[in-house]
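Below is model17.pdb, which holds PDB, C-alpha atoms.
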ATOM      1  CA  MET A   1       0.000   0.000   0.000
ATOM      2  CA  ALA A   2       2.778   2.372   0.882
ATOM      3  CA  GLU A   3       4.548   1.500  -2.327
ATOM      4  CA  GLU A   4       1.424   2.293  -4.388
ATOM      5  CA  MET A   5       1.076   5.730  -2.723
ATOM      6  CA  THR A   6       4.737   6.508  -3.376
ATOM      7  CA  THR A   7       4.327   5.473  -7.002
ATOM      8  CA  ASN A   8       1.194   7.608  -7.394
ATOM      9  CA  ASN A   9       2.875  10.621  -5.852
ATOM     10  CA  ARG A  10       5.819  10.260  -8.183
ATOM     11  CA  THR A  11       3.575   9.912 -11.204
ATOM     12  CA  GLY A  12       1.565  13.010 -10.245
ATOM     13  CA  SER A  13       4.699  15.048  -9.784
ATOM     14  CA  GLU A  14       5.973  13.981 -13.199
ATOM     15  CA  VAL A  15       2.656  14.961 -14.824
ATOM     16  CA  GLU A  16       2.673  18.370 -13.133
ATOM     17  CA  GLY A  17       6.294  18.908 -14.109
ATOM     18  CA  GLY A  18       5.520  17.947 -17.665
ATOM     19  CA  SER A  19       2.627  20.397 -17.816
ATOM     20  CA  SER A  20       4.789  23.212 -16.464
ATOM     21  CA  ALA A  21       7.514  22.454 -18.980
ATOM     22  CA  ALA A  22       5.020  22.489 -21.827
ATOM     23  CA  ALA A  23       3.554  25.806 -20.694
ATOM     24  CA  ALA A  24       6.901  27.619 -20.371
ATOM     25  CA  PRO A  25       8.260  28.975 -23.717
ATOM     26  CA  GLY A  26      11.545  27.513 -24.778
ATOM     27  CA  PRO A  27      14.613  29.485 -25.897
ATOM     28  CA  SER A  28      13.717  28.983 -29.584
ATOM     29  CA  SER A  29      10.283  30.583 -29.132
ATOM     30  CA  GLN A  30      11.808  33.623 -27.445
ATOM     31  CA  SER A  31      14.366  34.035 -30.234
ATOM     32  CA  LYS A  32      11.636  33.843 -32.870
ATOM     33  CA  GLY A  33       9.659  36.512 -31.068
ATOM     34  CA  ARG A  34      12.663  38.815 -30.933
ATOM     35  CA  LEU A  35      13.280  38.348 -34.667
ATOM     36  CA  ILE A  36       9.684  39.230 -35.490
ATOM     37  CA  LEU A  37       9.905  42.348 -33.316
ATOM     38  CA  LEU A  38      13.168  43.394 -34.990
ATOM     39  CA  ALA A  39      11.639  42.851 -38.434
ATOM     40  CA  ILE A  40       8.679  45.098 -37.553
ATOM     41  CA  VAL A  41      11.010  47.810 -36.266
ATOM     42  CA  ALA A  42      13.199  47.538 -39.376
ATOM     43  CA  ILE A  43      10.207  47.923 -41.707
ATOM     44  CA  GLY A  44       9.272  51.139 -39.945
ATOM     45  CA  VAL A  45      12.759  52.599 -39.554
ATOM     46  CA  LEU A  46      14.603  51.665 -42.769
ATOM     47  CA  PRO A  47      12.602  53.978 -45.103
ATOM     48  CA  LEU A  48      13.385  56.910 -42.810
ATOM     49  CA  VAL A  49      17.072  55.995 -42.687
ATOM     50  CA  ALA A  50      17.193  55.653 -46.482
ATOM     51  CA  ALA A  51      15.483  59.016 -46.947
ATOM     52  CA  LEU A  52      17.950  60.735 -44.618
ATOM     53  CA  TYR A  53      20.885  59.057 -46.372
ATOM     54  CA  PHE A  54      19.866  60.140 -49.860
ATOM     55  CA  ARG A  55      18.905  63.605 -48.602
ATOM     56  CA  TYR A  56      22.077  64.495 -46.710
ATOM     57  CA  VAL A  57      24.798  61.914 -47.452
ATOM     58  CA  SER A  58      24.429  60.881 -51.076
ATOM     59  CA  PRO A  59      21.686  62.800 -52.885
ATOM     60  CA  PRO A  60      20.803  61.248 -56.273
ATOM     61  CA  GLN A  61      22.085  63.073 -59.326
ATOM     62  CA  VAL A  62      19.441  64.920 -61.333
ATOM     63  CA  ALA A  63      19.803  64.405 -65.064
ATOM     64  CA  ALA A  64      20.702  67.653 -66.803
ATOM     65  CA  VAL A  65      18.377  69.014 -69.456
ATOM     66  CA  VAL A  66      20.093  68.725 -72.835
ATOM     67  CA  GLY A  67      17.992  71.253 -74.691
ATOM     68  CA  GLN A  68      16.999  74.809 -73.913
ATOM     69  CA  PRO A  69      13.382  75.089 -72.727
ATOM     70  CA  LEU A  70      11.600  78.002 -74.399
ATOM     71  CA  ASP A  71       8.558  80.074 -73.637
ATOM     72  CA  PRO A  72       6.047  78.448 -76.000
ATOM     73  CA  VAL A  73       5.814  80.348 -79.290
ATOM     74  CA  PRO A  74       3.442  79.419 -82.149
ATOM     75  CA  LEU A  75       5.234  78.293 -85.294
ATOM     76  CA  PRO A  76       3.926  80.449 -88.193
ATOM     77  CA  PHE A  77       2.758  77.596 -90.422
ATOM     78  CA  GLU A  78       1.150  80.070 -92.811
ATOM     79  CA  ALA A  79       4.648  81.154 -93.877
ATOM     80  CA  LEU A  80       5.868  77.635 -94.681
ATOM     81  CA  ARG A  81       5.738  76.149 -98.187
ATOM     82  CA  ARG A  82       6.699  72.771 -99.572
ATOM     83  CA  LEU A  83       9.282  72.771-102.367
ATOM     84  CA  ASP A  84       6.522  72.529-104.975
ATOM     85  CA  GLY A  85       4.996  75.730-103.564
ATOM     86  CA  ALA A  86       2.088  74.056-101.793
ATOM     87  CA  PRO A  87       1.417  75.439 -98.304
ATOM     88  CA  LEU A  88       2.341  73.344 -95.300
ATOM     89  CA  GLU A  89      -0.902  73.404 -93.396
ATOM     90  CA  HIS A  90      -0.838  72.787 -89.664
ATOM     91  CA  SER A  91      -3.408  70.052 -90.233
ATOM     92  CA  ASP A  92      -0.762  68.156 -92.236
ATOM     93  CA  VAL A  93       1.336  67.720 -89.127
ATOM     94  CA  SER A  94      -1.174  68.220 -86.318
ATOM     95  CA  GLY A  95      -0.949  65.747 -83.487
ATOM     96  CA  LYS A  96       2.763  65.181 -84.062
ATOM     97  CA  TRP A  97       5.945  66.599 -82.637
ATOM     98  CA  LEU A  98       8.144  68.357 -85.192
ATOM     99  CA  VAL A  99      11.923  68.245 -85.223
ATOM    100  CA  ILE A 100      12.941  71.210 -87.378
ATOM    101  CA  PHE A 101      16.412  71.964 -88.681
ATOM    102  CA  ALA A 102      17.154  75.043 -90.822
ATOM    103  CA  ALA A 103      20.154  75.005 -93.188
ATOM    104  CA  PRO A 104      21.100  75.775 -96.816
ATOM    105  CA  GLY A 105      20.212  73.207 -99.458
ATOM    106  CA  GLY A 106      23.879  72.457-100.142
ATOM    107  CA  CYS A 107      24.045  70.820 -96.682
ATOM    108  CA  ASP A 108      27.683  70.697 -95.612
ATOM    109  CA  GLU A 109      29.149  68.058 -93.301
ATOM    110  CA  ARG A 110      27.800  69.796 -90.212
ATOM    111  CA  CYS A 111      24.317  69.885 -91.717
ATOM    112  CA  GLN A 112      24.487  66.225 -92.717
ATOM    113  CA  HIS A 113      25.479  65.264 -89.187
ATOM    114  CA  ALA A 114      22.463  67.113 -87.761
ATOM    115  CA  LEU A 115      20.112  65.404 -90.224
ATOM    116  CA  TYR A 116      21.632  62.027 -89.397
ATOM    117  CA  LEU A 117      21.248  62.665 -85.675
ATOM    118  CA  THR A 118      17.585  63.648 -85.972
ATOM    119  CA  ARG A 119      16.912  60.570 -88.098
ATOM    120  CA  GLN A 120      18.560  58.278 -85.546
ATOM    121  CA  ALA A 121      16.743  60.003 -82.678
ATOM    122  CA  ARG A 122      13.396  59.418 -84.380
ATOM    123  CA  THR A 123      14.167  55.799 -85.263
ATOM    124  CA  ALA A 124      15.330  55.095 -81.698
ATOM    125  CA  GLN A 125      11.841  55.873 -80.372
ATOM    126  CA  GLY A 126      10.565  52.559 -81.713
ATOM    127  CA  ARG A 127       6.786  52.439 -81.946
ATOM    128  CA  ASN A 128       6.646  56.061 -80.761
ATOM    129  CA  MET A 129       8.524  57.267 -83.846
ATOM    130  CA  ALA A 130       5.151  57.814 -85.516
ATOM    131  CA  ARG A 131       4.657  60.720 -83.113
ATOM    132  CA  ILE A 132       7.495  62.662 -84.746
ATOM    133  CA  ASP A 133       7.933  64.341 -88.127
ATOM    134  CA  ARG A 134      11.239  65.824 -89.297
ATOM    135  CA  LEU A 135      11.311  69.081 -91.243
ATOM    136  CA  TRP A 136      14.280  70.547 -93.064
ATOM    137  CA  LEU A 137      13.756  74.251 -93.589
ATOM    138  CA  ILE A 138      15.956  75.127 -96.577
ATOM    139  CA  THR A 139      17.257  78.662 -96.204
ATOM    140  CA  ASP A 140      18.451  79.291 -99.786
ATOM    141  CA  SER A 141      17.587  78.371-103.367
ATOM    142  CA  THR A 142      19.872  75.325-103.553
ATOM    143  CA  THR A 143      18.193  71.990-104.264
ATOM    144  CA  PRO A 144      19.430  69.154-102.000
ATOM    145  CA  GLU A 145      21.273  66.279-103.654
ATOM    146  CA  ALA A 146      19.212  63.243-104.583
ATOM    147  CA  GLY A 147      21.599  60.917-102.734
ATOM    148  CA  LEU A 148      21.161  62.851 -99.508
ATOM    149  CA  MET A 149      17.385  62.772 -99.811
ATOM    150  CA  ALA A 150      17.452  59.029-100.474
ATOM    151  CA  ALA A 151      19.091  58.581 -97.069
ATOM    152  CA  HIS A 152      16.244  60.534 -95.419
ATOM    153  CA  PRO A 153      12.999  59.342 -97.026
ATOM    154  CA  ASP A 154      10.887  60.576 -94.094
ATOM    155  CA  LEU A 155      12.260  64.125 -94.231
ATOM    156  CA  VAL A 156       9.785  66.892 -95.160
ATOM    157  CA  LEU A 157      11.405  69.745 -97.122
ATOM    158  CA  VAL A 158       9.988  73.227 -96.644
ATOM    159  CA  LYS A 159      10.873  76.828 -97.371
ATOM    160  CA  ALA A 160       9.894  80.018 -95.600
ATOM    161  CA  THR A 161       8.142  82.906 -97.300
ATOM    162  CA  ASP A 162       8.689  85.217 -94.339
ATOM    163  CA  ALA A 163      11.860  86.006 -92.397
ATOM    164  CA  LYS A 164       9.929  85.830 -89.138
ATOM    165  CA  VAL A 165       9.993  82.021 -89.387
ATOM    166  CA  LEU A 166      13.779  81.970 -89.098
ATOM    167  CA  GLN A 167      13.624  84.480 -86.278
ATOM    168  CA  VAL A 168      11.301  82.192 -84.373
ATOM    169  CA  LEU A 169      13.692  79.295 -84.984
ATOM    170  CA  GLY A 170      16.704  81.161 -83.615
ATOM    171  CA  GLY A 171      17.826  83.585 -86.331
ATOM    172  CA  SER A 172      18.774  83.589 -90.004
ATOM    173  CA  GLN A 173      22.214  82.094 -89.282
ATOM    174  CA  SER A 174      20.840  79.570 -86.815
ATOM    175  CA  ARG A 175      21.985  75.971 -86.913
ATOM    176  CA  HIS A 176      19.715  74.858 -84.099
ATOM    177  CA  ILE A 177      17.504  71.807 -83.887
ATOM    178  CA  ASN A 178      14.079  73.079 -82.844
ATOM    179  CA  LEU A 179      11.287  71.045 -81.289
ATOM    180  CA  VAL A 180       7.634  71.941 -81.865
ATOM    181  CA  ASP A 181       4.979  70.216 -79.790
ATOM    182  CA  ARG A 182       1.686  68.691 -80.963
ATOM    183  CA  ARG A 183      -0.108  72.022 -80.566
ATOM    184  CA  GLY A 184       2.242  73.750 -82.998
ATOM    185  CA  LEU A 185       4.222  75.570 -80.300
ATOM    186  CA  LEU A 186       8.007  75.863 -80.340
ATOM    187  CA  VAL A 187       9.034  74.570 -76.904
ATOM    188  CA  PHE A 188      12.672  73.347 -77.025
ATOM    189  CA  ARG A 189      15.877  74.243 -78.833
ATOM    190  CA  TYR A 190      19.081  72.216 -79.205
ATOM    191  CA  SER A 191      22.475  72.822 -80.739
ATOM    192  CA  ASP A 192      23.052  71.122 -84.074
ATOM    193  CA  ALA A 193      25.336  68.591 -82.356
ATOM    194  CA  PRO A 194      23.910  67.601 -78.959
ATOM    195  CA  GLU A 195      25.225  64.527 -77.172
ATOM    196  CA  PRO A 196      23.409  61.763 -79.111
ATOM    197  CA  LYS A 197      22.315  59.443 -76.282
ATOM    198  CA  ALA A 198      21.173  62.302 -74.080
ATOM    199  CA  PHE A 199      19.287  63.902 -76.977
ATOM    200  CA  ILE A 200      17.545  60.634 -77.870
ATOM    201  CA  ARG A 201      16.615  60.001 -74.242
ATOM    202  CA  GLU A 202      15.235  63.504 -73.698
ATOM    203  CA  LEU A 203      13.279  63.471 -76.951
ATOM    204  CA  GLY A 204      11.719  60.175 -75.925
ATOM    205  CA  LYS A 205      10.513  61.679 -72.661
ATOM    206  CA  LEU A 206       9.126  64.835 -74.264
ATOM    207  CA  ILE A 207       7.058  63.183 -76.999
ATOM    208  CA  LYS A 208       5.095  61.224 -74.389
ATOM    209  CA  PHE A 209       3.355  64.414 -73.319
TER     210      PHE A 209
END

Translate the structure described by the file into structure tokens.
Amino acid sequence: MAEEMTTNNRTGSEVEGGSSAAAAPGPSSQSKGRLILLAIVAIGVLPLVAALYFRYVSPPQVAAVVGQPLDPVPLPFEALRRLDGAPLEHSDVSGKWLVIFAAPGGCDERCQHALYLTRQARTAQGRNMARIDRLWLITDSTTPEAGLMAAHPDLVLVKATDAKVLQVLGGSQSRHINLVDRRGLLVFRYSDAPEPKAFIRELGKLIKF
């Protein structure tokens, strides 16, 4: 009888001890809880740390504007004529951006480089190239060579009947590349030899507007 009571007491103590051990969290549970807490804190703090870092320690570089932004000026379409004398109506090019380059019809090496650059910039826009038309405003009575025109089949040739057109585009001796938006407003001006990749990239951003 005494042995049975001793055995029962031992068994009860083992059961109680087992229950206490099961109820108390083990070291692994505590570690997991700490990790979850640290993760929550990190999610809240890291964005603030990153913002402070980029604001005061290493601010991101802002890409420089390649062209010269202009106060929007309407392009006088009424003073533009195609080589056959037909007027270049705004409706002919409405809804498109215009890349306009003014130069004599003889087109020296500098002129050819500008035409090549505008062609490459348009082609590089992929499916968006349809948003752009290229105009060559010929400033004298010289007819461009057939070989040159064959290399630029998309190029629209025009002449001006009024000097104010050249003034709007930068002057009678201008060799600028001018950009006219879809509303017919002159909005940007570039040199005739901008950095190609930067020019292509900036043109791609502008024609999305």

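Residues in contact with Gln120 in chain A at 12 Å, where only C-alpha atoms are counted and same-chain residues fewer than 3 positions away are skipped, are listed as Val99, His113, Ala114, Leu115, Tyr116, Leu117, Thr123, Ala124, Gln125, Gly126, Met129, Ile132, Arg134, Ala151, His152, Asp154, Pro196, Lys197, Phe199, Ile200, Arg201, Leu203 and Gly204 of chain A.
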
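Considering the residues A:Leu206, A:Cys111, A:Leu157, A:Ile177 and counting only C-alpha atoms, Pro194 in chain A has its shortest atom-to-atom contact with A:Ile177.
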
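Using only C-alpha atoms, the shortest contact distance between Ala86 in chain A and any of A:Val165, A:Cys107, A:Ile138, A:Val158 is found at A:Val158.
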
* Asked: Which residues match the PyMOL selection byres ((chain A and resi 159) around 12) in the file above, as an NGL selection string?
  -> :A and (77-88 or 100-105 or 135-143 or 156-158 or 160-163 or 165-166)

* Structure fact -> One residue among A:Ser94, A:Thr118, A:Asn128, A:Gln68 is nearest to Gly170 in chain A when using all atoms listed in the file, and that residue is A:Gln68

* Structure fact -> Of A:Gly106, A:Leu169, A:Pro144, A:Leu75, the one nearest to Asp181 in chain A when counting all atoms listed in the file is A:Leu75

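Interatomic distance, CA of Arg131 in chain A against CA of Val93 in chain A: 9.8 Å.
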
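Take CA of Ala146 in chain A and CA of Glu109 in chain A: the distance between them is 15.8 Å.
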
Enclose the full set of atoms of range 117-123 of chain A listed in the file within a box whose edges lie along x, y and z, apply 6 Å of padding to each of the six sides, and report centre and edge lengths in Å to one decimal as AutoDock Vina command-line options.
--center_x 17.3 --center_y 59.7 --center_z -85.4 --size_x 19.9 --size_y 19.8 --size_z 17.4

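When the PyMOL selection byres ((chain A and resi 182-190) around 6) is run on the displayed coordinates, the residues it returns are A:Gly67, A:Gln68, A:Pro69, A:Leu70, A:Pro72, A:Val73, A:Pro74, A:Leu75, A:Gly95, A:Lys96, A:Trp97, A:His176, A:Ile177, A:Asn178, A:Leu179, A:Val180, A:Asp181, A:Ser191.
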
* **Between CA of Val66 in chain A and CA of Ala198 in chain A, distance in Å (one decimal)** => 6.6 Å

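Proximity ranking of A:Ile43, A:Glu202, A:Gln112, A:Ser31 relative to Glu145 in chain A places A:Gln112 first, based on only C-alpha atoms.
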
Complete the atoms of range 158-190 of chain A to N, CA and C atoms and put them out as a compact mmCIF listing (two decimals), in the coordinates of the input.
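File produced: result12.txt:
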# COMPACT_ATOMS: atom_id res chain seq x y z
N VAL A 158 10.82 72.03 -96.59
CA VAL A 158 9.99 73.23 -96.64
C VAL A 158 10.86 74.45 -96.84
N LYS A 159 10.22 75.53 -97.28
CA LYS A 159 10.87 76.83 -97.37
C LYS A 159 9.99 77.86 -96.68
N ALA A 160 10.63 78.96 -96.30
CA ALA A 160 9.89 80.02 -95.60
C ALA A 160 9.65 81.19 -96.54
N THR A 161 8.46 81.73 -96.48
CA THR A 161 8.14 82.91 -97.30
C THR A 161 8.25 84.19 -96.49
N ASP A 162 8.60 84.05 -95.22
CA ASP A 162 8.69 85.22 -94.34
C ASP A 162 9.87 85.03 -93.40
N ALA A 163 10.67 86.08 -93.24
CA ALA A 163 11.86 86.01 -92.40
C ALA A 163 11.52 85.74 -90.93
N LYS A 164 10.28 86.02 -90.55
CA LYS A 164 9.93 85.83 -89.14
C LYS A 164 9.99 84.36 -88.73
N VAL A 165 9.89 83.45 -89.71
CA VAL A 165 9.99 82.02 -89.39
C VAL A 165 11.38 81.71 -88.85
N LEU A 166 12.41 82.21 -89.55
CA LEU A 166 13.78 81.97 -89.10
C LEU A 166 14.06 82.65 -87.77
N GLN A 167 13.44 83.81 -87.56
CA GLN A 167 13.62 84.48 -86.28
C GLN A 167 13.05 83.64 -85.14
N VAL A 168 11.90 83.05 -85.39
CA VAL A 168 11.30 82.19 -84.37
C VAL A 168 12.19 80.98 -84.09
N LEU A 169 12.86 80.50 -85.12
CA LEU A 169 13.69 79.30 -84.98
C LEU A 169 15.11 79.60 -84.52
N GLY A 170 15.40 80.84 -84.19
CA GLY A 170 16.70 81.16 -83.62
C GLY A 170 17.55 82.12 -84.41
N GLY A 171 17.05 82.63 -85.54
CA GLY A 171 17.83 83.58 -86.33
C GLY A 171 18.19 83.06 -87.71
N SER A 172 18.50 83.97 -88.61
CA SER A 172 18.77 83.59 -90.00
C SER A 172 20.03 82.75 -90.15
N GLN A 173 20.98 82.88 -89.23
CA GLN A 173 22.21 82.09 -89.28
C GLN A 173 22.17 80.92 -88.31
N SER A 174 20.99 80.62 -87.83
CA SER A 174 20.84 79.57 -86.82
C SER A 174 21.14 78.20 -87.39
N ARG A 175 21.79 77.38 -86.57
CA ARG A 175 21.98 75.97 -86.91
C ARG A 175 21.40 75.11 -85.79
N HIS A 176 20.31 75.58 -85.21
CA HIS A 176 19.72 74.86 -84.10
C HIS A 176 18.78 73.76 -84.60
N ILE A 177 18.57 72.78 -83.71
CA ILE A 177 17.50 71.81 -83.89
C ILE A 177 16.36 72.27 -82.99
N ASN A 178 15.22 72.56 -83.59
CA ASN A 178 14.08 73.08 -82.84
C ASN A 178 13.00 72.01 -82.71
N LEU A 179 12.33 72.03 -81.55
CA LEU A 179 11.29 71.04 -81.29
C LEU A 179 9.95 71.76 -81.10
N VAL A 180 8.98 71.37 -81.92
CA VAL A 180 7.63 71.94 -81.86
C VAL A 180 6.69 70.86 -81.36
N ASP A 181 5.86 71.22 -80.38
CA ASP A 181 4.98 70.22 -79.79
C ASP A 181 3.74 69.98 -80.65
N ARG A 182 2.85 69.11 -80.17
CA ARG A 182 1.69 68.69 -80.96
C ARG A 182 0.67 69.81 -81.18
N ARG A 183 0.81 70.89 -80.40
CA ARG A 183 -0.11 72.02 -80.57
C ARG A 183 0.43 73.05 -81.55
N GLY A 184 1.65 72.80 -82.08
CA GLY A 184 2.24 73.75 -83.00
C GLY A 184 3.05 74.83 -82.32
N LEU A 185 3.45 74.59 -81.06
CA LEU A 185 4.22 75.57 -80.30
C LEU A 185 5.69 75.16 -80.22
N LEU A 186 6.57 76.10 -80.49
CA LEU A 186 8.01 75.86 -80.34
C LEU A 186 8.32 75.85 -78.85
N VAL A 187 8.85 74.72 -78.36
CA VAL A 187 9.03 74.57 -76.90
C VAL A 187 10.47 74.25 -76.48
N PHE A 188 11.30 73.71 -77.39
CA PHE A 188 12.67 73.35 -77.03
C PHE A 188 13.61 73.66 -78.18
N ARG A 189 14.86 73.97 -77.82
CA ARG A 189 15.88 74.24 -78.83
C ARG A 189 17.17 73.54 -78.43
N TYR A 190 17.82 72.93 -79.42
CA TYR A 190 19.08 72.22 -79.20
C TYR A 190 20.15 72.76 -80.14
